[in-house]
$ cat my_file_14.cif   # mmCIF, N, CA and C atoms and all ligand atoms
data_coords
#
loop_
_atom_site.label_atom_id
_atom_site.label_comp_id
_atom_site.auth_asym_id
_atom_site.auth_seq_id
_atom_site.Cartn_x
_atom_site.Cartn_y
_atom_site.Cartn_z
N PRO A 1 52.54 -52.90 73.51
CA PRO A 1 51.45 -53.57 74.21
C PRO A 1 50.36 -54.02 73.25
N ALA A 2 49.63 -55.03 73.65
CA ALA A 2 48.54 -55.53 72.80
C ALA A 2 47.55 -54.40 72.55
N GLY A 3 47.08 -54.34 71.35
CA GLY A 3 46.12 -53.30 71.02
C GLY A 3 46.75 -51.95 70.80
N GLY A 4 48.10 -51.92 70.75
CA GLY A 4 48.78 -50.65 70.51
C GLY A 4 48.39 -50.06 69.17
N GLN A 5 48.48 -48.75 69.13
CA GLN A 5 48.06 -48.01 67.95
C GLN A 5 49.28 -47.71 67.09
N LYS A 6 49.15 -47.89 65.80
CA LYS A 6 50.25 -47.53 64.89
C LYS A 6 50.45 -46.03 64.84
N LEU A 7 51.70 -45.63 64.83
CA LEU A 7 52.01 -44.22 64.63
C LEU A 7 51.75 -43.85 63.18
N SER A 8 50.95 -42.83 62.97
CA SER A 8 50.72 -42.35 61.60
C SER A 8 51.88 -41.47 61.16
N PRO A 9 52.39 -41.70 59.96
CA PRO A 9 53.42 -40.80 59.44
C PRO A 9 52.91 -39.36 59.30
N ASP A 10 51.59 -39.18 59.33
CA ASP A 10 51.02 -37.84 59.22
C ASP A 10 50.84 -37.16 60.57
N ASP A 11 51.11 -37.88 61.65
CA ASP A 11 51.07 -37.29 62.99
C ASP A 11 52.04 -36.11 63.03
N PRO A 12 51.64 -34.98 63.64
CA PRO A 12 52.51 -33.80 63.64
C PRO A 12 53.91 -34.06 64.20
N MET A 13 53.99 -34.82 65.30
CA MET A 13 55.31 -35.09 65.87
C MET A 13 56.11 -36.03 64.96
N ALA A 14 55.42 -37.00 64.36
CA ALA A 14 56.10 -37.91 63.42
C ALA A 14 56.67 -37.11 62.26
N LYS A 15 55.90 -36.15 61.79
CA LYS A 15 56.38 -35.32 60.68
C LYS A 15 57.57 -34.49 61.11
N SER A 16 57.49 -33.92 62.31
CA SER A 16 58.59 -33.05 62.75
C SER A 16 59.88 -33.84 62.93
N LEU A 17 59.75 -35.14 63.22
CA LEU A 17 60.94 -35.98 63.38
C LEU A 17 61.21 -36.81 62.12
N HIS A 18 60.50 -36.50 61.03
CA HIS A 18 60.76 -37.14 59.73
C HIS A 18 60.62 -38.65 59.78
N TYR A 19 59.63 -39.12 60.56
CA TYR A 19 59.41 -40.56 60.66
C TYR A 19 58.89 -41.11 59.33
N VAL A 20 59.45 -42.24 58.93
CA VAL A 20 58.95 -42.98 57.76
C VAL A 20 58.86 -44.45 58.13
N GLU A 21 57.91 -45.15 57.52
CA GLU A 21 57.74 -46.58 57.78
C GLU A 21 58.77 -47.42 57.03
N ASP A 22 59.39 -46.83 56.01
CA ASP A 22 60.43 -47.49 55.22
C ASP A 22 61.66 -46.60 55.26
N ALA A 23 62.66 -47.03 56.04
CA ALA A 23 63.82 -46.18 56.28
C ALA A 23 64.51 -45.73 54.99
N SER A 24 64.41 -46.54 53.93
CA SER A 24 65.11 -46.19 52.69
C SER A 24 64.57 -44.91 52.06
N GLU A 25 63.38 -44.47 52.52
CA GLU A 25 62.80 -43.24 51.98
C GLU A 25 63.38 -42.00 52.65
N ALA A 26 64.15 -42.19 53.71
CA ALA A 26 64.64 -41.04 54.50
C ALA A 26 66.10 -40.73 54.18
N GLN A 27 66.43 -39.46 54.30
CA GLN A 27 67.83 -39.02 54.28
C GLN A 27 68.37 -39.28 55.68
N ARG A 28 69.27 -40.24 55.83
CA ARG A 28 69.75 -40.61 57.15
C ARG A 28 71.22 -40.26 57.31
N PRO A 29 71.51 -39.19 58.03
CA PRO A 29 72.91 -38.83 58.22
C PRO A 29 73.62 -39.83 59.14
N THR A 30 74.93 -39.97 58.95
CA THR A 30 75.72 -40.80 59.85
C THR A 30 75.55 -40.28 61.27
N ARG A 31 75.33 -41.19 62.21
CA ARG A 31 75.18 -40.79 63.60
C ARG A 31 75.87 -41.82 64.49
N GLU A 32 76.60 -41.31 65.48
CA GLU A 32 77.34 -42.18 66.40
C GLU A 32 78.20 -43.17 65.62
N GLY A 33 78.73 -42.74 64.48
CA GLY A 33 79.59 -43.59 63.67
C GLY A 33 78.85 -44.62 62.84
N VAL A 34 77.52 -44.61 62.88
CA VAL A 34 76.73 -45.58 62.13
C VAL A 34 76.22 -44.92 60.84
N PRO A 35 76.60 -45.47 59.68
CA PRO A 35 76.11 -44.89 58.42
C PRO A 35 74.58 -44.95 58.35
N GLY A 36 74.00 -43.96 57.69
CA GLY A 36 72.56 -43.89 57.58
C GLY A 36 71.91 -45.16 57.07
N VAL A 37 72.56 -45.82 56.10
CA VAL A 37 71.95 -47.02 55.51
C VAL A 37 71.83 -48.16 56.51
N GLU A 38 72.52 -48.05 57.65
CA GLU A 38 72.44 -49.10 58.67
C GLU A 38 71.50 -48.73 59.82
N GLN A 39 70.80 -47.59 59.69
CA GLN A 39 69.92 -47.13 60.77
C GLN A 39 68.47 -47.51 60.50
N PHE A 40 67.89 -48.23 61.44
CA PHE A 40 66.48 -48.65 61.36
C PHE A 40 65.88 -48.59 62.77
N CYS A 41 64.57 -48.56 62.85
CA CYS A 41 63.93 -48.66 64.16
C CYS A 41 64.40 -49.92 64.90
N HIS A 42 64.64 -51.01 64.18
CA HIS A 42 64.96 -52.26 64.89
C HIS A 42 66.32 -52.22 65.59
N ASN A 43 67.19 -51.26 65.24
CA ASN A 43 68.44 -51.13 66.00
C ASN A 43 68.55 -49.77 66.68
N CYS A 44 67.41 -49.18 66.99
CA CYS A 44 67.37 -47.90 67.70
C CYS A 44 67.10 -48.17 69.19
N LYS A 45 67.76 -47.39 70.03
CA LYS A 45 67.63 -47.60 71.48
C LYS A 45 66.23 -47.30 72.00
N PHE A 46 65.42 -46.58 71.25
CA PHE A 46 64.09 -46.21 71.73
C PHE A 46 63.00 -47.21 71.37
N LEU A 47 63.36 -48.24 70.58
CA LEU A 47 62.36 -49.26 70.27
C LEU A 47 62.19 -50.18 71.47
N GLN A 48 60.95 -50.42 71.84
CA GLN A 48 60.67 -51.24 73.01
C GLN A 48 60.50 -52.70 72.60
N ALA A 49 60.58 -53.56 73.59
CA ALA A 49 60.46 -54.99 73.33
C ALA A 49 59.12 -55.31 72.69
N GLY A 50 59.12 -56.31 71.84
CA GLY A 50 57.89 -56.71 71.19
C GLY A 50 58.20 -57.77 70.17
N GLU A 51 57.19 -58.11 69.41
CA GLU A 51 57.36 -59.13 68.38
C GLU A 51 56.79 -58.61 67.07
N GLY A 52 57.34 -59.10 65.99
CA GLY A 52 56.76 -58.78 64.70
C GLY A 52 57.26 -57.47 64.14
N GLU A 53 56.53 -57.02 63.13
CA GLU A 53 56.97 -55.90 62.31
C GLU A 53 56.68 -54.55 62.94
N TRP A 54 55.73 -54.49 63.87
CA TRP A 54 55.32 -53.22 64.48
C TRP A 54 55.56 -53.29 65.97
N ARG A 55 56.36 -52.38 66.48
CA ARG A 55 56.71 -52.41 67.90
C ARG A 55 56.62 -51.01 68.51
N PRO A 56 56.42 -50.95 69.84
CA PRO A 56 56.27 -49.64 70.48
C PRO A 56 57.58 -48.86 70.52
N CYS A 57 57.46 -47.55 70.32
CA CYS A 57 58.60 -46.65 70.40
C CYS A 57 58.38 -45.69 71.57
N SER A 58 59.37 -45.58 72.45
CA SER A 58 59.18 -44.73 73.64
C SER A 58 59.17 -43.25 73.29
N ILE A 59 59.81 -42.87 72.21
CA ILE A 59 59.78 -41.46 71.80
C ILE A 59 58.36 -41.03 71.43
N PHE A 60 57.60 -41.97 70.87
CA PHE A 60 56.24 -41.66 70.42
C PHE A 60 55.19 -42.23 71.38
N GLY A 61 55.51 -42.25 72.65
CA GLY A 61 54.53 -42.62 73.67
C GLY A 61 54.03 -44.05 73.57
N GLY A 62 54.85 -44.92 73.00
CA GLY A 62 54.46 -46.32 72.91
C GLY A 62 53.65 -46.67 71.68
N LYS A 63 53.40 -45.70 70.82
CA LYS A 63 52.75 -46.05 69.55
C LYS A 63 53.67 -46.96 68.75
N LEU A 64 53.05 -47.74 67.86
CA LEU A 64 53.80 -48.76 67.13
C LEU A 64 54.45 -48.18 65.88
N VAL A 65 55.74 -48.49 65.74
CA VAL A 65 56.47 -48.07 64.54
C VAL A 65 56.95 -49.32 63.81
N ASN A 66 57.22 -49.15 62.53
CA ASN A 66 57.69 -50.29 61.74
C ASN A 66 59.15 -50.56 62.05
N VAL A 67 59.49 -51.82 62.25
CA VAL A 67 60.89 -52.14 62.61
C VAL A 67 61.86 -51.73 61.51
N ASN A 68 61.37 -51.58 60.28
CA ASN A 68 62.23 -51.14 59.18
C ASN A 68 62.09 -49.66 58.88
N GLY A 69 61.46 -48.94 59.83
CA GLY A 69 61.30 -47.50 59.69
C GLY A 69 62.49 -46.74 60.27
N TRP A 70 62.28 -45.44 60.40
CA TRP A 70 63.35 -44.56 60.91
C TRP A 70 62.75 -43.21 61.25
N CYS A 71 63.39 -42.51 62.21
CA CYS A 71 63.12 -41.08 62.41
C CYS A 71 64.40 -40.41 62.87
N SER A 72 64.37 -39.07 62.91
CA SER A 72 65.60 -38.32 63.17
C SER A 72 66.03 -38.36 64.64
N SER A 73 65.26 -39.05 65.49
CA SER A 73 65.71 -39.26 66.88
C SER A 73 66.52 -40.54 67.03
N TRP A 74 66.78 -41.22 65.92
CA TRP A 74 67.49 -42.50 65.99
C TRP A 74 68.81 -42.39 66.76
N LEU A 75 69.01 -43.32 67.68
CA LEU A 75 70.30 -43.50 68.36
C LEU A 75 70.54 -44.99 68.47
N LYS A 76 71.79 -45.39 68.40
CA LYS A 76 72.05 -46.82 68.36
C LYS A 76 71.77 -47.50 69.70
N THR A 77 71.37 -48.73 69.61
CA THR A 77 71.08 -49.55 70.79
C THR A 77 72.34 -49.67 71.63
N GLY A 78 72.17 -49.65 72.94
CA GLY A 78 73.30 -49.78 73.83
C GLY A 78 73.94 -48.45 74.06
FE1 LIG B 101 62.26 -45.58 65.13
FE2 LIG B 101 64.00 -44.89 67.01
FE3 LIG B 101 62.62 -43.00 65.74
FE4 LIG B 101 61.42 -44.61 67.48
S1 LIG B 101 63.04 -43.10 67.95
S2 LIG B 101 60.65 -44.03 65.43
S3 LIG B 101 62.48 -46.55 67.15
S4 LIG B 101 64.14 -44.41 64.83
#

$ encode --input "my_file_14.cif" --output "structure tokens"
Amino acid sequence: PAGGQKLSPDDPMAKSLHYVEDASEAQRPTREGVPGVEQFCHNCKFLQAGEGEWRPCSIFGGKLVNVNGWCSSWLKTG
């Protein structure tokens, strides 16, 4: 949503889920048959509709995450 707040990587829940704004900084295990290197917020089922580089994530209450980020709750779209 307009005026949405960016999720801080220092947020306690973000830390507990190992959220990073640049997915390449994270250790990403293969999940649902998708290699870690192919996992990003932009292909995660929890990313909500939006435009641009920062979009709302339903796991984090609609706070904005970077489309090239990642966290350990990643699941593939669909
Ligand atoms: Fe990104 Fe998905 Fe984690 Fe949200 S749940 S921060 S969209 S990887």

$ residues_near_ligand --input "my_file_14.cif" --ligand "ligand LIG 101 (chain B)" --cutoff "10 Å" --atoms "only C-alpha atoms and all ligand atoms" --output "mmCIF file with N, CA and C atoms, in the coordinates of the input"
data_model
loop_
_atom_site.group_PDB
_atom_site.id
_atom_site.type_symbol
_atom_site.label_atom_id
_atom_site.label_comp_id
_atom_site.auth_asym_id
_atom_site.auth_seq_id
_atom_site.Cartn_x
_atom_site.Cartn_y
_atom_site.Cartn_z
ATOM 1 N N LEU A 7 51.700 -45.630 64.830
ATOM 2 C CA LEU A 7 52.010 -44.220 64.630
ATOM 3 C C LEU A 7 51.750 -43.850 63.180
ATOM 4 N N PRO A 9 52.390 -41.700 59.960
ATOM 5 C CA PRO A 9 53.420 -40.800 59.440
ATOM 6 C C PRO A 9 52.910 -39.360 59.300
ATOM 7 N N ALA A 14 55.420 -37.000 64.360
ATOM 8 C CA ALA A 14 56.100 -37.910 63.420
ATOM 9 C C ALA A 14 56.670 -37.110 62.260
ATOM 10 N N LEU A 17 59.750 -35.140 63.220
ATOM 11 C CA LEU A 17 60.940 -35.980 63.380
ATOM 12 C C LEU A 17 61.210 -36.810 62.120
ATOM 13 N N HIS A 18 60.500 -36.500 61.030
ATOM 14 C CA HIS A 18 60.760 -37.140 59.730
ATOM 15 C C HIS A 18 60.620 -38.650 59.780
ATOM 16 N N TYR A 19 59.630 -39.120 60.560
ATOM 17 C CA TYR A 19 59.410 -40.560 60.660
ATOM 18 C C TYR A 19 58.890 -41.110 59.330
ATOM 19 N N VAL A 20 59.450 -42.240 58.930
ATOM 20 C CA VAL A 20 58.950 -42.980 57.760
ATOM 21 C C VAL A 20 58.860 -44.450 58.130
ATOM 22 N N GLU A 21 57.910 -45.150 57.520
ATOM 23 C CA GLU A 21 57.740 -46.580 57.780
ATOM 24 C C GLU A 21 58.770 -47.420 57.030
ATOM 25 N N ALA A 23 62.660 -47.030 56.040
ATOM 26 C CA ALA A 23 63.820 -46.180 56.280
ATOM 27 C C ALA A 23 64.510 -45.730 54.990
ATOM 28 N N GLN A 39 70.800 -47.590 59.690
ATOM 29 C CA GLN A 39 69.920 -47.130 60.770
ATOM 30 C C GLN A 39 68.470 -47.510 60.500
ATOM 31 N N PHE A 40 67.890 -48.230 61.440
ATOM 32 C CA PHE A 40 66.480 -48.650 61.360
ATOM 33 C C PHE A 40 65.880 -48.590 62.770
ATOM 34 N N CYS A 41 64.570 -48.560 62.850
ATOM 35 C CA CYS A 41 63.930 -48.660 64.160
ATOM 36 C C CYS A 41 64.400 -49.920 64.900
ATOM 37 N N HIS A 42 64.640 -51.010 64.180
ATOM 38 C CA HIS A 42 64.960 -52.260 64.890
ATOM 39 C C HIS A 42 66.320 -52.220 65.590
ATOM 40 N N ASN A 43 67.190 -51.260 65.240
ATOM 41 C CA ASN A 43 68.440 -51.130 66.000
ATOM 42 C C ASN A 43 68.550 -49.770 66.680
ATOM 43 N N CYS A 44 67.410 -49.180 66.990
ATOM 44 C CA CYS A 44 67.370 -47.900 67.700
ATOM 45 C C CYS A 44 67.100 -48.170 69.190
ATOM 46 N N LYS A 45 67.760 -47.390 70.030
ATOM 47 C CA LYS A 45 67.630 -47.600 71.480
ATOM 48 C C LYS A 45 66.230 -47.300 72.000
ATOM 49 N N PHE A 46 65.420 -46.580 71.250
ATOM 50 C CA PHE A 46 64.090 -46.210 71.730
ATOM 51 C C PHE A 46 63.000 -47.210 71.370
ATOM 52 N N LEU A 47 63.360 -48.240 70.580
ATOM 53 C CA LEU A 47 62.360 -49.260 70.270
ATOM 54 C C LEU A 47 62.190 -50.180 71.470
ATOM 55 N N GLN A 48 60.950 -50.420 71.840
ATOM 56 C CA GLN A 48 60.670 -51.240 73.010
ATOM 57 C C GLN A 48 60.500 -52.700 72.600
ATOM 58 N N ARG A 55 56.360 -52.380 66.480
ATOM 59 C CA ARG A 55 56.710 -52.410 67.900
ATOM 60 C C ARG A 55 56.620 -51.010 68.510
ATOM 61 N N PRO A 56 56.420 -50.950 69.840
ATOM 62 C CA PRO A 56 56.270 -49.640 70.480
ATOM 63 C C PRO A 56 57.580 -48.860 70.520
ATOM 64 N N CYS A 57 57.460 -47.550 70.320
ATOM 65 C CA CYS A 57 58.600 -46.650 70.400
ATOM 66 C C CYS A 57 58.380 -45.690 71.570
ATOM 67 N N SER A 58 59.370 -45.580 72.450
ATOM 68 C CA SER A 58 59.180 -44.730 73.640
ATOM 69 C C SER A 58 59.170 -43.250 73.290
ATOM 70 N N ILE A 59 59.810 -42.870 72.210
ATOM 71 C CA ILE A 59 59.780 -41.460 71.800
ATOM 72 C C ILE A 59 58.360 -41.030 71.430
ATOM 73 N N PHE A 60 57.600 -41.970 70.870
ATOM 74 C CA PHE A 60 56.240 -41.660 70.420
ATOM 75 C C PHE A 60 55.190 -42.230 71.380
ATOM 76 N N GLY A 61 55.510 -42.250 72.650
ATOM 77 C CA GLY A 61 54.530 -42.620 73.670
ATOM 78 C C GLY A 61 54.030 -44.050 73.570
ATOM 79 N N GLY A 62 54.850 -44.920 73.000
ATOM 80 C CA GLY A 62 54.460 -46.320 72.910
ATOM 81 C C GLY A 62 53.650 -46.670 71.680
ATOM 82 N N LYS A 63 53.400 -45.700 70.820
ATOM 83 C CA LYS A 63 52.750 -46.050 69.550
ATOM 84 C C LYS A 63 53.670 -46.960 68.750
ATOM 85 N N LEU A 64 53.050 -47.740 67.860
ATOM 86 C CA LEU A 64 53.800 -48.760 67.130
ATOM 87 C C LEU A 64 54.450 -48.180 65.880
ATOM 88 N N VAL A 65 55.740 -48.490 65.740
ATOM 89 C CA VAL A 65 56.470 -48.070 64.540
ATOM 90 C C VAL A 65 56.950 -49.320 63.810
ATOM 91 N N ASN A 66 57.220 -49.150 62.530
ATOM 92 C CA ASN A 66 57.690 -50.290 61.740
ATOM 93 C C ASN A 66 59.150 -50.560 62.050
ATOM 94 N N VAL A 67 59.490 -51.820 62.250
ATOM 95 C CA VAL A 67 60.890 -52.140 62.610
ATOM 96 C C VAL A 67 61.860 -51.730 61.510
ATOM 97 N N ASN A 68 61.370 -51.580 60.280
ATOM 98 C CA ASN A 68 62.230 -51.140 59.180
ATOM 99 C C ASN A 68 62.090 -49.660 58.880
ATOM 100 N N GLY A 69 61.460 -48.940 59.830
ATOM 101 C CA GLY A 69 61.300 -47.500 59.690
ATOM 102 C C GLY A 69 62.490 -46.740 60.270
ATOM 103 N N TRP A 70 62.280 -45.440 60.400
ATOM 104 C CA TRP A 70 63.350 -44.560 60.910
ATOM 105 C C TRP A 70 62.750 -43.210 61.250
ATOM 106 N N CYS A 71 63.390 -42.510 62.210
ATOM 107 C CA CYS A 71 63.120 -41.080 62.410
ATOM 108 C C CYS A 71 64.400 -40.410 62.870
ATOM 109 N N SER A 72 64.370 -39.070 62.910
ATOM 110 C CA SER A 72 65.600 -38.320 63.170
ATOM 111 C C SER A 72 66.030 -38.360 64.640
ATOM 112 N N SER A 73 65.260 -39.050 65.490
ATOM 113 C CA SER A 73 65.710 -39.260 66.880
ATOM 114 C C SER A 73 66.520 -40.540 67.030
ATOM 115 N N TRP A 74 66.780 -41.220 65.920
ATOM 116 C CA TRP A 74 67.490 -42.500 65.990
ATOM 117 C C TRP A 74 68.810 -42.390 66.760
ATOM 118 N N LEU A 75 69.010 -43.320 67.680
ATOM 119 C CA LEU A 75 70.300 -43.500 68.360
ATOM 120 C C LEU A 75 70.540 -44.990 68.470
ATOM 121 N N LYS A 76 71.790 -45.390 68.400
ATOM 122 C CA LYS A 76 72.050 -46.820 68.360
ATOM 123 C C LYS A 76 71.770 -47.500 69.700
ATOM 124 N N THR A 77 71.370 -48.730 69.610
ATOM 125 C CA THR A 77 71.080 -49.550 70.790
ATOM 126 C C THR A 77 72.340 -49.670 71.630
#

$ select_by_dssp --input "my_file_14.cif" --residues "chain A" --states "alpha helix (DSSP H)" --output "compact mmCIF listing (two decimals) with N, CA and C atoms, in the coordinates of the input"
# COMPACT_ATOMS: atom_id res chain seq x y z
N PRO A 12 51.64 -34.98 63.64
CA PRO A 12 52.51 -33.80 63.64
C PRO A 12 53.91 -34.06 64.20
N MET A 13 53.99 -34.82 65.30
CA MET A 13 55.31 -35.09 65.87
C MET A 13 56.11 -36.03 64.96
N ALA A 14 55.42 -37.00 64.36
CA ALA A 14 56.10 -37.91 63.42
C ALA A 14 56.67 -37.11 62.26
N LYS A 15 55.90 -36.15 61.79
CA LYS A 15 56.38 -35.32 60.68
C LYS A 15 57.57 -34.49 61.11
N SER A 16 57.49 -33.92 62.31
CA SER A 16 58.59 -33.05 62.75
C SER A 16 59.88 -33.84 62.93

$ atom_distance --input "my_file_14.cif" --atom1 "CA of Asp11 in chain A" --atom2 "CA of Gly78 in chain A"
27.7 Å

$ atom_distance --input "my_file_14.cif" --atom1 "CA of Gly36 in chain A" --atom2 "CA of Asp22 in chain A"
12.9 Å

$ build_atoms --input "my_file_14.cif" --residues "range 34-44 of chain A" --atoms "all heavy atoms" --output "PDB file, in the coordinates of the input"
ATOM      1  N   VAL A  34      77.520 -44.610  62.880  1.00  0.00           N
ATOM      2  CA  VAL A  34      76.730 -45.580  62.130  1.00  0.00           C
ATOM      3  C   VAL A  34      76.220 -44.920  60.840  1.00  0.00           C
ATOM      4  O   VAL A  34      75.495 -43.931  60.908  1.00  0.00           O
ATOM      5  CB  VAL A  34      75.534 -46.097  62.962  1.00  0.00           C
ATOM      6  CG1 VAL A  34      74.732 -47.118  62.170  1.00  0.00           C
ATOM      7  CG2 VAL A  34      76.018 -46.680  64.285  1.00  0.00           C
ATOM      8  N   PRO A  35      76.600 -45.470  59.680  1.00  0.00           N
ATOM      9  CA  PRO A  35      76.110 -44.890  58.420  1.00  0.00           C
ATOM     10  C   PRO A  35      74.580 -44.950  58.350  1.00  0.00           C
ATOM     11  O   PRO A  35      73.956 -45.880  58.888  1.00  0.00           O
ATOM     12  CB  PRO A  35      76.713 -45.801  57.350  1.00  0.00           C
ATOM     13  CG  PRO A  35      77.830 -46.532  58.015  1.00  0.00           C
ATOM     14  CD  PRO A  35      77.471 -46.627  59.459  1.00  0.00           C
ATOM     15  N   GLY A  36      74.000 -43.960  57.690  1.00  0.00           N
ATOM     16  CA  GLY A  36      72.560 -43.890  57.580  1.00  0.00           C
ATOM     17  C   GLY A  36      71.910 -45.160  57.070  1.00  0.00           C
ATOM     18  O   GLY A  36      70.862 -45.577  57.573  1.00  0.00           O
ATOM     19  N   VAL A  37      72.560 -45.820  56.100  1.00  0.00           N
ATOM     20  CA  VAL A  37      71.950 -47.020  55.510  1.00  0.00           C
ATOM     21  C   VAL A  37      71.830 -48.160  56.510  1.00  0.00           C
ATOM     22  O   VAL A  37      71.119 -49.132  56.250  1.00  0.00           O
ATOM     23  CB  VAL A  37      72.729 -47.505  54.268  1.00  0.00           C
ATOM     24  CG1 VAL A  37      72.597 -46.482  53.142  1.00  0.00           C
ATOM     25  CG2 VAL A  37      74.177 -47.801  54.588  1.00  0.00           C
ATOM     26  N   GLU A  38      72.520 -48.050  57.650  1.00  0.00           N
ATOM     27  CA  GLU A  38      72.440 -49.100  58.670  1.00  0.00           C
ATOM     28  C   GLU A  38      71.500 -48.730  59.820  1.00  0.00           C
ATOM     29  O   GLU A  38      71.422 -49.444  60.812  1.00  0.00           O
ATOM     30  CB  GLU A  38      73.838 -49.390  59.228  1.00  0.00           C
ATOM     31  CG  GLU A  38      74.774 -49.960  58.173  1.00  0.00           C
ATOM     32  CD  GLU A  38      76.196 -50.165  58.688  1.00  0.00           C
ATOM     33  OE1 GLU A  38      76.426 -50.080  59.914  1.00  0.00           O
ATOM     34  OE2 GLU A  38      77.075 -50.379  57.840  1.00  0.00           O
ATOM     35  N   GLN A  39      70.800 -47.590  59.690  1.00  0.00           N
ATOM     36  CA  GLN A  39      69.920 -47.130  60.770  1.00  0.00           C
ATOM     37  C   GLN A  39      68.470 -47.510  60.500  1.00  0.00           C
ATOM     38  O   GLN A  39      67.908 -47.147  59.467  1.00  0.00           O
ATOM     39  CB  GLN A  39      70.022 -45.602  60.905  1.00  0.00           C
ATOM     40  CG  GLN A  39      71.420 -45.105  61.251  1.00  0.00           C
ATOM     41  CD  GLN A  39      71.514 -43.590  61.214  1.00  0.00           C
ATOM     42  OE1 GLN A  39      70.506 -42.890  61.239  1.00  0.00           O
ATOM     43  NE2 GLN A  39      72.739 -43.073  61.139  1.00  0.00           N
ATOM     44  N   PHE A  40      67.890 -48.230  61.440  1.00  0.00           N
ATOM     45  CA  PHE A  40      66.480 -48.650  61.360  1.00  0.00           C
ATOM     46  C   PHE A  40      65.880 -48.590  62.770  1.00  0.00           C
ATOM     47  O   PHE A  40      66.615 -48.686  63.763  1.00  0.00           O
ATOM     48  CB  PHE A  40      66.357 -50.093  60.862  1.00  0.00           C
ATOM     49  CG  PHE A  40      66.897 -50.310  59.482  1.00  0.00           C
ATOM     50  CD1 PHE A  40      68.221 -50.689  59.302  1.00  0.00           C
ATOM     51  CD2 PHE A  40      66.087 -50.124  58.369  1.00  0.00           C
ATOM     52  CE1 PHE A  40      68.737 -50.887  58.019  1.00  0.00           C
ATOM     53  CE2 PHE A  40      66.593 -50.322  57.085  1.00  0.00           C
ATOM     54  CZ  PHE A  40      67.919 -50.702  56.917  1.00  0.00           C
ATOM     55  N   CYS A  41      64.570 -48.560  62.850  1.00  0.00           N
ATOM     56  CA  CYS A  41      63.930 -48.660  64.160  1.00  0.00           C
ATOM     57  C   CYS A  41      64.400 -49.920  64.900  1.00  0.00           C
ATOM     58  O   CYS A  41      64.565 -49.898  66.120  1.00  0.00           O
ATOM     59  CB  CYS A  41      62.415 -48.655  64.020  1.00  0.00           C
ATOM     60  SG  CYS A  41      61.736 -47.057  63.484  1.00  0.00           S
ATOM     61  N   HIS A  42      64.640 -51.010  64.180  1.00  0.00           N
ATOM     62  CA  HIS A  42      64.960 -52.260  64.890  1.00  0.00           C
ATOM     63  C   HIS A  42      66.320 -52.220  65.590  1.00  0.00           C
ATOM     64  O   HIS A  42      66.569 -53.048  66.463  1.00  0.00           O
ATOM     65  CB  HIS A  42      64.837 -53.482  63.978  1.00  0.00           C
ATOM     66  CG  HIS A  42      65.813 -53.537  62.843  1.00  0.00           C
ATOM     67  ND1 HIS A  42      67.147 -53.753  63.010  1.00  0.00           N
ATOM     68  CD2 HIS A  42      65.615 -53.405  61.512  1.00  0.00           C
ATOM     69  CE1 HIS A  42      67.738 -53.754  61.819  1.00  0.00           C
ATOM     70  NE2 HIS A  42      66.829 -53.536  60.899  1.00  0.00           N
ATOM     71  N   ASN A  43      67.190 -51.260  65.240  1.00  0.00           N
ATOM     72  CA  ASN A  43      68.440 -51.130  66.000  1.00  0.00           C
ATOM     73  C   ASN A  43      68.550 -49.770  66.680  1.00  0.00           C
ATOM     74  O   ASN A  43      69.660 -49.302  66.954  1.00  0.00           O
ATOM     75  CB  ASN A  43      69.665 -51.468  65.136  1.00  0.00           C
ATOM     76  CG  ASN A  43      69.818 -50.568  63.920  1.00  0.00           C
ATOM     77  OD1 ASN A  43      69.101 -49.579  63.784  1.00  0.00           O
ATOM     78  ND2 ASN A  43      70.747 -50.904  63.054  1.00  0.00           N
ATOM     79  N   CYS A  44      67.410 -49.180  66.990  1.00  0.00           N
ATOM     80  CA  CYS A  44      67.370 -47.900  67.700  1.00  0.00           C
ATOM     81  C   CYS A  44      67.100 -48.170  69.190  1.00  0.00           C
ATOM     82  O   CYS A  44      66.284 -49.017  69.549  1.00  0.00           O
ATOM     83  CB  CYS A  44      66.237 -47.043  67.130  1.00  0.00           C
ATOM     84  SG  CYS A  44      65.931 -45.537  68.060  1.00  0.00           S
TER      85      CYS A  44
END
